[in-house]
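Q: This is the structure, below, for whatever I ask next.
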Amino acid sequence: MDWSEYKLLCDSPDVLSRFLLEITASMLSDEPVLRRRLHAQLTSTPLPTPADHHGPSPADMYAVDINVVEAHAIATIVGKLPDSAGSEYGLTSLAGVRAAWGELAEHHASAPEDEGR
């Protein structure tokens, strides 16, 4: 895979990093079903990378199999966390986490019926 193809795939709303999946799962301690769904994503094979890609494992990217209801639930939960919660996870802000899940929820909500999982 070349860099342009990899970047295009990684920019898709339904492709998320190992880091994002792991950090979000840790935020879902009160939601064991959603937490398990995120951990299940990490059992799949990450996207293939360009030959000269040398990123660490948190940079692995996954095409996630999360449906519209799950994506919306995660986006809502993360969206309700106080900004100060980011520091609990080593983040200065939750903006990126919120944006990623909001984009995925919106992507699924706008997908044609046969793609909406």
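Chain labels follow the order of the structure tokens: the first chain is A, the next B, and so on; residue numbering restarts at 1 in every chain, and ligands are counted from 1 in their shown order.
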When DSSP is applied to the backbone of this structure, which of range 67-115 of chain A are assigned helix (DSSP H, G or I)? Write them out as a PyMOL selection string.
A: chain A and resi 68-80+83-89+95-110
Q: Mind checking which residues fall within 10 Å of Arg18 in chain A, counting only C-alpha atoms, ignoring those fewer than 3 positions away in the same chain, and posting them as a list in words?
A: Val15, Leu21, Glu22, Ile23, Thr24, Leu38, His39, Gln41, Leu42, Pro46, Ser57, Pro58, Ala59, Asp60, Met61 and Tyr62 of chain A
Q: Could you save the residues just selected, with N, CA and C atoms, as a compact mmCIF listing (two decimals), in the first residue's frame?
A:
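The result, stored in selection-v5.txt:
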# COMPACT_ATOMS: atom_id res chain seq x y z
N VAL A 15 -12.43 4.63 10.31
CA VAL A 15 -11.10 4.10 10.57
C VAL A 15 -10.53 4.87 11.76
N LEU A 21 -9.29 3.87 20.23
CA LEU A 21 -10.14 2.78 20.68
C LEU A 21 -9.86 2.41 22.14
N GLU A 22 -8.57 2.33 22.48
CA GLU A 22 -8.21 1.97 23.85
C GLU A 22 -8.61 3.06 24.85
N ILE A 23 -8.35 4.30 24.52
CA ILE A 23 -8.66 5.39 25.45
C ILE A 23 -10.17 5.53 25.61
N THR A 24 -10.91 5.36 24.52
CA THR A 24 -12.37 5.45 24.60
C THR A 24 -12.92 4.30 25.44
N LEU A 38 -15.58 -2.20 21.68
CA LEU A 38 -14.35 -1.51 21.28
C LEU A 38 -13.14 -2.44 21.39
N HIS A 39 -13.08 -3.21 22.46
CA HIS A 39 -11.98 -4.16 22.60
C HIS A 39 -12.02 -5.20 21.48
N GLN A 41 -12.82 -4.71 18.45
CA GLN A 41 -12.25 -4.11 17.24
C GLN A 41 -10.74 -4.36 17.19
N LEU A 42 -10.13 -4.37 18.36
CA LEU A 42 -8.67 -4.52 18.44
C LEU A 42 -8.21 -5.95 18.21
N PRO A 46 -5.12 -4.79 11.96
CA PRO A 46 -5.08 -3.37 11.58
C PRO A 46 -4.89 -3.22 10.07
N SER A 57 2.67 0.82 17.88
CA SER A 57 1.37 0.13 17.84
C SER A 57 0.18 1.03 18.17
N PRO A 58 0.30 2.07 19.05
CA PRO A 58 -0.88 2.93 19.25
C PRO A 58 -1.33 3.64 17.97
N ALA A 59 -0.44 3.68 16.98
CA ALA A 59 -0.79 4.32 15.71
C ALA A 59 -1.44 3.34 14.72
N ASP A 60 -1.56 2.06 15.10
CA ASP A 60 -2.26 1.10 14.24
C ASP A 60 -3.66 1.63 13.97
N MET A 61 -4.12 1.46 12.76
CA MET A 61 -5.44 1.95 12.37
C MET A 61 -6.35 0.76 12.05
N TYR A 62 -7.60 0.88 12.49
CA TYR A 62 -8.58 -0.20 12.33
C TYR A 62 -9.82 0.31 11.62
Q: Would you compute the distance between CA of Glu106 in chain A and CA of Thr76 in chain A? Give it in Å to one decimal.
A: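 Going from CA of Glu106 in chain A over to CA of Thr76 in chain A covers 11.8 Å.
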Q: Considering only strand (DSSP E or B) as DSSP defines it on the backbone, what residues of chain A qualify? List them as an MDAnalysis selection string.
A: chainID A and resid 15:17 61:63
Q: Write out as number ranges by chain each polymer residue whose atoms come within 9 Å of range 65-69 of chain A, counting only C-alpha atoms; drop sequence neighbours fewer than 4 positions from it.
A: A: 14, 37-38, 41, 73-74, 104-109, 116-117
Q: One decimal, in Å: what's the spacing between CA of Ser93 in chain A and CA of Ala75 in chain A?
A: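 CA of Ala75 in chain A lies 15.2 Å from CA of Ser93 in chain A.
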Q: Please report the interatomic distance between CA of Pro32 in chain A and CA of Pro13 in chain A in Å with one decimal.
A: 23.4 Å
